[in-house]
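> model29.cif is the file, holding mmCIF, C-alpha atoms:
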```cif
data_work
#
loop_
_atom_site.label_atom_id
_atom_site.label_comp_id
_atom_site.auth_asym_id
_atom_site.auth_seq_id
_atom_site.Cartn_x
_atom_site.Cartn_y
_atom_site.Cartn_z
CA MET A 25 -18.59 5.28 -12.51
CA GLN A 26 -16.77 8.44 -13.57
CA PRO A 27 -14.95 9.21 -16.84
CA LEU A 28 -11.34 8.05 -16.88
CA THR A 29 -8.71 10.72 -16.19
CA ASN A 30 -5.43 10.96 -18.13
CA LYS A 31 -3.61 10.03 -14.94
CA GLU A 32 -5.68 6.87 -14.47
CA LEU A 33 -5.16 5.92 -18.10
CA ASN A 34 -1.38 6.34 -17.73
CA TYR A 35 -1.30 4.13 -14.64
CA ILE A 36 -3.43 1.47 -16.35
CA ASP A 37 -1.00 1.57 -19.30
CA ASP A 38 2.00 1.14 -16.99
CA LEU A 39 0.29 -1.70 -15.17
CA LEU A 40 -0.67 -3.48 -18.40
CA SER A 41 3.03 -3.49 -19.37
CA ALA A 42 4.05 -4.65 -15.90
CA GLU A 43 1.50 -7.49 -15.96
CA GLU A 44 2.62 -8.55 -19.44
CA LEU A 45 6.27 -8.67 -18.39
CA LEU A 46 5.41 -10.60 -15.22
CA LEU A 47 3.32 -13.08 -17.19
CA LYS A 48 6.08 -13.70 -19.75
CA THR A 49 8.74 -14.04 -17.04
CA CYS A 50 6.62 -16.51 -15.09
CA VAL A 51 5.95 -18.62 -18.21
CA THR A 52 9.69 -18.72 -19.02
CA ALA A 53 10.56 -19.59 -15.43
CA SER A 54 7.92 -22.34 -15.20
CA GLU A 55 9.62 -24.17 -18.08
CA ARG A 56 12.86 -24.43 -16.13
CA VAL A 57 12.01 -24.46 -12.43
CA MET A 58 12.41 -27.88 -10.75
CA GLN A 59 11.20 -27.40 -7.17
CA PRO A 60 7.54 -28.49 -6.77
CA ASP A 61 6.55 -25.51 -4.61
CA ALA A 62 8.07 -23.05 -7.08
CA GLN A 63 6.34 -24.90 -9.94
CA GLN A 64 3.00 -24.68 -8.19
CA PHE A 65 3.54 -21.02 -7.36
CA LEU A 66 4.35 -20.17 -10.97
CA HIS A 67 1.33 -22.08 -12.20
CA HIS A 68 -0.80 -19.91 -9.93
CA THR A 69 0.91 -16.64 -10.93
CA ILE A 70 0.47 -17.33 -14.64
CA THR A 71 -3.31 -17.64 -14.23
CA GLN A 72 -3.41 -14.64 -11.92
CA HIS A 73 -1.48 -12.25 -14.17
CA GLN A 74 -3.50 -13.28 -17.20
CA ARG A 75 -6.61 -12.29 -15.26
CA HIS A 76 -5.02 -9.04 -14.03
CA TYR A 77 -4.21 -8.11 -17.61
CA ASP A 78 -7.79 -8.80 -18.70
CA GLU A 79 -9.24 -6.83 -15.80
CA LEU A 80 -7.09 -3.78 -16.56
CA ALA A 81 -8.00 -3.95 -20.25
CA HIS A 82 -11.66 -4.29 -19.31
CA LEU A 83 -11.41 -1.20 -17.09
CA VAL A 84 -10.42 0.90 -20.13
CA GLU A 85 -13.18 -0.59 -22.29
CA GLN A 86 -15.77 0.02 -19.56
CA HIS A 87 -14.93 3.74 -19.55
CA GLU A 88 -14.87 4.20 -23.30
CA PRO A 89 -18.57 5.16 -23.76
CA MET A 90 -18.41 8.03 -21.26
CA ALA A 91 -15.19 9.59 -22.56
CA ARG A 92 -15.33 13.04 -24.15
CA SER A 93 -14.89 13.04 -27.91
CA MET B 27 26.35 -26.53 -11.20
CA GLN B 28 24.94 -27.95 -14.41
CA GLN B 29 22.59 -24.98 -14.69
CA MET B 30 25.45 -22.55 -14.27
CA MET B 31 27.39 -24.27 -17.04
CA SER B 32 24.47 -23.87 -19.41
CA GLY B 33 24.92 -20.10 -19.22
CA LYS B 34 21.23 -19.60 -18.45
CA LEU B 35 19.60 -18.08 -15.43
CA GLU B 36 19.41 -20.42 -12.46
CA GLU B 37 16.14 -21.32 -10.74
CA LYS B 38 17.14 -18.94 -7.95
CA ASP B 39 17.82 -16.08 -10.39
CA MET B 40 14.46 -16.50 -12.05
CA LEU B 41 12.62 -16.33 -8.73
CA HIS B 42 14.69 -13.25 -7.85
CA THR B 43 13.60 -11.60 -11.09
CA ILE B 44 9.95 -12.41 -10.39
CA LEU B 45 10.24 -11.15 -6.80
CA SER B 46 11.65 -7.81 -7.92
CA LEU B 47 9.02 -7.46 -10.68
CA LEU B 48 6.32 -8.17 -8.10
CA LYS B 49 7.75 -5.54 -5.75
CA GLN B 50 7.83 -2.95 -8.53
CA THR B 51 4.29 -3.79 -9.65
CA THR B 52 3.01 -3.58 -6.07
CA ALA B 53 4.46 -0.07 -5.78
CA THR B 54 2.77 1.01 -9.03
CA TYR B 55 -0.59 -0.43 -7.90
CA SER B 56 -0.25 1.37 -4.59
CA THR B 57 0.22 4.73 -6.34
CA ALA B 58 -2.56 3.94 -8.80
CA VAL B 59 -4.97 3.38 -5.87
CA THR B 60 -4.17 6.75 -4.30
CA GLU B 61 -4.35 8.57 -7.65
CA ALA B 62 -7.69 7.10 -8.78
CA SER B 63 -10.68 9.45 -9.07
CA CYS B 64 -13.23 6.89 -10.21
CA ALA B 65 -14.45 4.55 -7.47
CA THR B 66 -14.51 1.58 -9.88
CA VAL B 67 -10.87 2.19 -10.86
CA ARG B 68 -9.88 2.53 -7.21
CA GLN B 69 -11.63 -0.69 -6.18
CA THR B 70 -10.06 -2.68 -9.01
CA MET B 71 -6.59 -1.27 -8.30
CA GLN B 72 -6.95 -2.03 -4.60
CA ARG B 73 -7.99 -5.62 -5.28
CA LEU B 74 -5.17 -6.21 -7.77
CA PHE B 75 -2.76 -4.58 -5.31
CA ASN B 76 -3.83 -7.02 -2.59
CA GLU B 77 -3.43 -10.02 -4.86
CA THR B 78 0.00 -8.89 -6.06
CA VAL B 79 1.30 -8.17 -2.57
CA MET B 80 0.09 -11.61 -1.39
CA GLU B 81 1.89 -13.21 -4.29
CA GLN B 82 5.07 -11.27 -3.49
CA GLY B 83 4.91 -12.66 0.05
CA GLU B 84 4.52 -16.22 -1.22
CA CYS B 85 7.44 -15.75 -3.60
CA PHE B 86 9.64 -14.51 -0.76
CA GLN B 87 8.68 -17.48 1.45
CA ILE B 88 9.53 -20.00 -1.27
CA MET B 89 12.90 -18.33 -1.78
CA GLN B 90 13.63 -18.26 1.93
CA ARG B 91 12.62 -21.92 2.28
CA HIS B 92 15.17 -22.94 -0.34
CA GLY B 93 17.86 -20.62 0.97
CA TRP B 94 17.72 -18.53 -2.22
CA TYR B 95 17.35 -15.37 -0.24
CA ALA B 96 20.10 -14.17 2.08
CA GLN B 97 18.74 -14.22 5.62
CA PRO B 98 18.37 -10.59 6.71
CA GLU B 99 20.37 -9.67 9.80
CA GLU B 100 18.41 -9.74 13.06
CA ALA B 101 18.08 -6.56 15.11
CA PRO B 102 19.97 -6.82 18.42
CA ARG B 103 17.93 -6.52 21.65
CA GLN B 104 19.88 -3.38 22.54
CA ALA B 105 18.56 -1.61 19.41
CA ILE B 106 14.99 -2.76 20.14
CA ARG B 107 15.19 -1.47 23.72
CA LYS B 108 16.50 1.86 22.47
CA ALA B 109 13.54 2.13 20.06
CA ILE B 110 11.09 1.27 22.88
CA THR B 111 12.50 4.00 25.13
CA ALA B 112 12.39 6.53 22.29
CA HIS B 113 8.79 5.85 21.24
CA ARG B 114 7.51 5.75 24.84
CA GLN B 115 8.95 9.20 25.35
CA LYS B 116 7.46 10.36 22.03
CA GLY B 117 4.13 8.86 23.07
CA GLN B 118 4.07 11.03 26.16
CA GLU B 119 4.84 14.10 24.08
CA ILE B 120 1.96 13.23 21.74
CA SER B 121 -0.38 12.71 24.72
CA GLN B 122 0.58 16.12 26.00
CA PHE B 123 0.00 17.64 22.56
CA LEU B 124 -3.48 16.08 22.46
CA ARG B 125 -4.22 17.26 26.01
CA LEU B 126 -3.16 20.82 25.18
CA ASN B 127 -5.52 20.75 22.23
CA SER B 128 -8.29 19.33 24.44
CA VAL B 129 -8.65 16.06 22.51
CA ARG B 130 -9.99 13.34 24.80
CA GLY B 131 -8.46 9.90 25.00
CA GLY B 132 -4.82 10.65 24.41
CA MET B 133 -2.26 8.03 23.47
CA PRO B 134 -2.73 4.38 24.42
CA ASN B 135 -0.98 3.41 27.59
CA TYR B 136 1.29 0.46 26.87
CA THR B 137 1.95 -0.40 30.49
CA THR B 138 -1.62 -0.83 31.76
CA GLY B 139 -3.03 -2.97 28.94
CA ALA B 140 -5.36 -0.15 27.96
CA TYR B 141 -3.71 -0.42 24.54
CA GLN B 142 -5.87 -3.34 23.39
CA GLN B 143 -9.04 -1.64 24.45
CA GLN B 144 -8.25 1.65 22.77
CA MET B 145 -7.23 0.04 19.50
CA THR B 146 -10.74 -1.24 18.75
CA TYR B 147 -11.20 1.40 16.11
CA GLN B 148 -14.37 1.08 14.03
CA PRO B 149 -13.88 2.54 10.57
CA THR B 150 -16.76 4.67 9.35
CA PRO B 151 -17.81 3.89 5.77
CA THR B 152 -18.22 7.47 4.57
CA TYR B 153 -17.36 10.93 5.76
CA GLN B 154 -21.04 11.83 5.72
CA ALA B 155 -21.46 9.54 8.70
CA TYR B 156 -19.60 12.10 10.83
CA THR B 157 -21.92 14.61 12.39
CA PRO B 158 -20.96 17.19 15.01
CA SER B 159 -22.68 15.04 17.64
CA ASP B 160 -20.20 12.23 16.91
CA MET B 161 -17.34 14.37 18.06
CA SER B 162 -16.54 15.03 21.64
CA ALA B 163 -17.02 18.64 22.65
CA GLY B 164 -13.26 18.92 22.93
CA THR B 165 -12.62 17.83 19.36
CA ALA B 166 -15.34 20.07 17.98
CA GLU B 167 -13.85 22.99 19.84
CA TRP B 168 -10.40 22.14 18.53
CA VAL B 169 -11.65 21.93 14.93
CA ARG B 170 -13.37 25.29 15.34
CA GLN B 171 -10.20 26.85 16.73
CA GLN B 172 -8.13 25.42 13.89
CA ALA B 173 -10.56 26.77 11.33
CA MET B 174 -10.46 30.20 12.97
CA ALA B 175 -6.67 30.13 13.12
CA SER B 176 -6.26 29.19 9.46
CA ARG B 177 -8.81 31.81 8.41
CA HIS B 178 -6.88 34.39 10.39
CA GLN B 179 -3.64 33.27 8.80
CA THR B 180 -4.95 33.47 5.23
CA GLY B 181 -6.42 36.83 6.07
CA SER B 182 -3.13 38.27 7.20
CA GLN B 183 -1.36 36.76 4.21
CA HIS B 184 -3.77 38.52 1.91
CA GLY B 185 -3.13 41.70 3.83
CA GLU B 186 0.59 41.44 3.20
CA ILE B 187 0.07 40.83 -0.49
CA MET B 188 -2.23 43.84 -0.70
CA GLN B 189 0.38 46.08 0.86
#
```
Take the structure I supplied and represent it as structure tokens, if you would.

Amino acid sequence: MQPLTNKELNYIDDLLSAEELLLKTCVTASERVMQPDAQQFLHHTITQHQRHYDELAHLVEQHEPMARS
Amino acid sequence: MQQMMSGKLEEKDMLHTILSLLKQTTATYSTAVTEASCATVRQTMQRLFNETVMEQGECFQIMQRHGWYAQPEEAPRQAIRKAITAHRQKGQEISQFLRLNSVRGGMPNYTTGAYQQQMTYQPTPTYQAYTPSDMSAGTAEWVRQQAMASRHQTGSQHGEIMQ
């Protein structure tokens, strides 16, 4: 593992926002969608984007000890 | 109709929003993969990219199934035939280019079924795995010539700057 670059950190930041927005949109949609396949799909996406968010956040934490002070 | 009267987004609109967010996110992941320096970051980005692009495909299929996505217009056979003629011609040009640069193999031949055979490309895990003995004499020679040519070019450029 190498220290995180500014570029990587910026992309992780962008992706954290994207995942958050996706998660919130999917939750809102799941409350109103009627079709069973769409329901099931949204159920799956909610879990998936929660995990994506956690993984991205974990990536930053993992690199913290080796960052220059 | 009832949903439209409520003044809220319809089921279809919500799926459209999610589809476009997924497309955007996929594009960001794709750039993040290519811009990563750390192998761990790259692997994570690549995995999340794969999962997001799969999800985007599922979303599209659901929308198509319910007729929430306008069916894209089919390409007419005439246009396909035109593309086939153009890329066959291009393929021959590329083969000639490779022959001129003494690279063995050339372009796959679509008419003889040699295509399938030639496409069995085995990816090598690391660049270190490539040794000069892995290359055909032709390729090695070509690489050497290219290196010489570029060295010559930089040399002359320096010369111009000096003057």
> Compare A:Arg92, A:His73, A:His68, A:His87 by their minimum atom-to-atom distance to Glu84 of chain B, counting only C-alpha atoms, and give me the closest one.
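Residue with the minimum atom-to-atom distance to Glu84 of chain B: A:His68.
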> For the provided coordinates, the residues matched by the PyMOL selection byres ((chain A and resi 41-54) around 8) should be stated as a ChimeraX atom specification.
/A:37-40,55-57,63,66-67,69-70,73-74,76-77 /B:37,40-41,44,47-48,51
> Within 9 Å of chain A, which residues of chain B show up? Give each one with its shortest atom-to-atom distance in Å (one decimal) and the two atoms involved, counting only C-alpha atoms, rows by chain then rising residue number, as CSV.

```
residue,atom,partner,partner_atom,distance
B:Glu36,CA,A:Val57,CA,8.4
B:Glu37,CA,A:Val57,CA,5.5
B:Lys38,CA,A:Val57,CA,8.8
B:Met40,CA,A:Ala53,CA,6.0
B:Leu41,CA,A:Ala53,CA,7.7
B:Thr43,CA,A:Thr49,CA,8.1
B:Ile44,CA,A:Leu46,CA,6.9
B:Leu47,CA,A:Leu46,CA,6.6
B:Leu48,CA,A:Leu46,CA,7.6
B:Gln50,CA,A:Ala42,CA,8.5
B:Thr51,CA,A:Ala42,CA,6.3
B:Thr54,CA,A:Leu39,CA,7.2
B:Tyr55,CA,A:Leu39,CA,7.4
B:Thr57,CA,A:Tyr35,CA,8.5
B:Ala58,CA,A:Tyr35,CA,6.0
B:Glu61,CA,A:Glu32,CA,7.2
B:Ala62,CA,A:Glu32,CA,6.0
B:Ser63,CA,A:Thr29,CA,7.5
B:Cys64,CA,A:Gln26,CA,5.1
B:Ala65,CA,A:Met25,CA,6.6
B:Thr66,CA,A:Met25,CA,6.1
B:Val67,CA,A:Leu83,CA,7.1
B:Thr70,CA,A:Glu79,CA,8.0
B:Met71,CA,A:Leu80,CA,8.6
B:Leu74,CA,A:His76,CA,6.9
B:Glu77,CA,A:Gln72,CA,8.4
B:Thr78,CA,A:Gln72,CA,8.9
B:Glu81,CA,A:Thr69,CA,7.5
B:Glu84,CA,A:Phe65,CA,7.9
B:Cys85,CA,A:Phe65,CA,7.6
B:Ile88,CA,A:Ala62,CA,6.7
B:Met89,CA,A:Ala62,CA,8.6
```
> Mind giving me the straight-line distance from atom CA of Tyr95 of chain B to atom CA of Lys49 of chain B in Å, one decimal?
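Here the two named atoms are 14.8 Å from each other.
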> Of the residues B:His42, B:Val59, B:Thr111, B:Lys34, which is the one nearest to Phe86 of chain B, using all atoms listed in the file?
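Under the stated criterion, the closest residue is B:His42.
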> Hey, can you check how far atom CA of Gln82 of chain B sits from atom CA of Ser46 of chain B?
8.7 Å
> Would you mind reading off the distance between atom CA of Val79 of chain B and atom CA of Ala53 of chain B, one decimal, in Å?
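A separation of 9.3 Å between them.
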> Please enclose the listed atoms of segment 26-40 of chain A in an axis-aligned box, pad each side by 3 Å, and write out the centre and the three edge lengths in Å, rounded to one decimal, as AutoDock Vina command-line options.

```
--center_x -7.4 --center_y 3.7 --center_z -16.4 --size_x 24.8 --size_y 20.4 --size_z 11.7
```
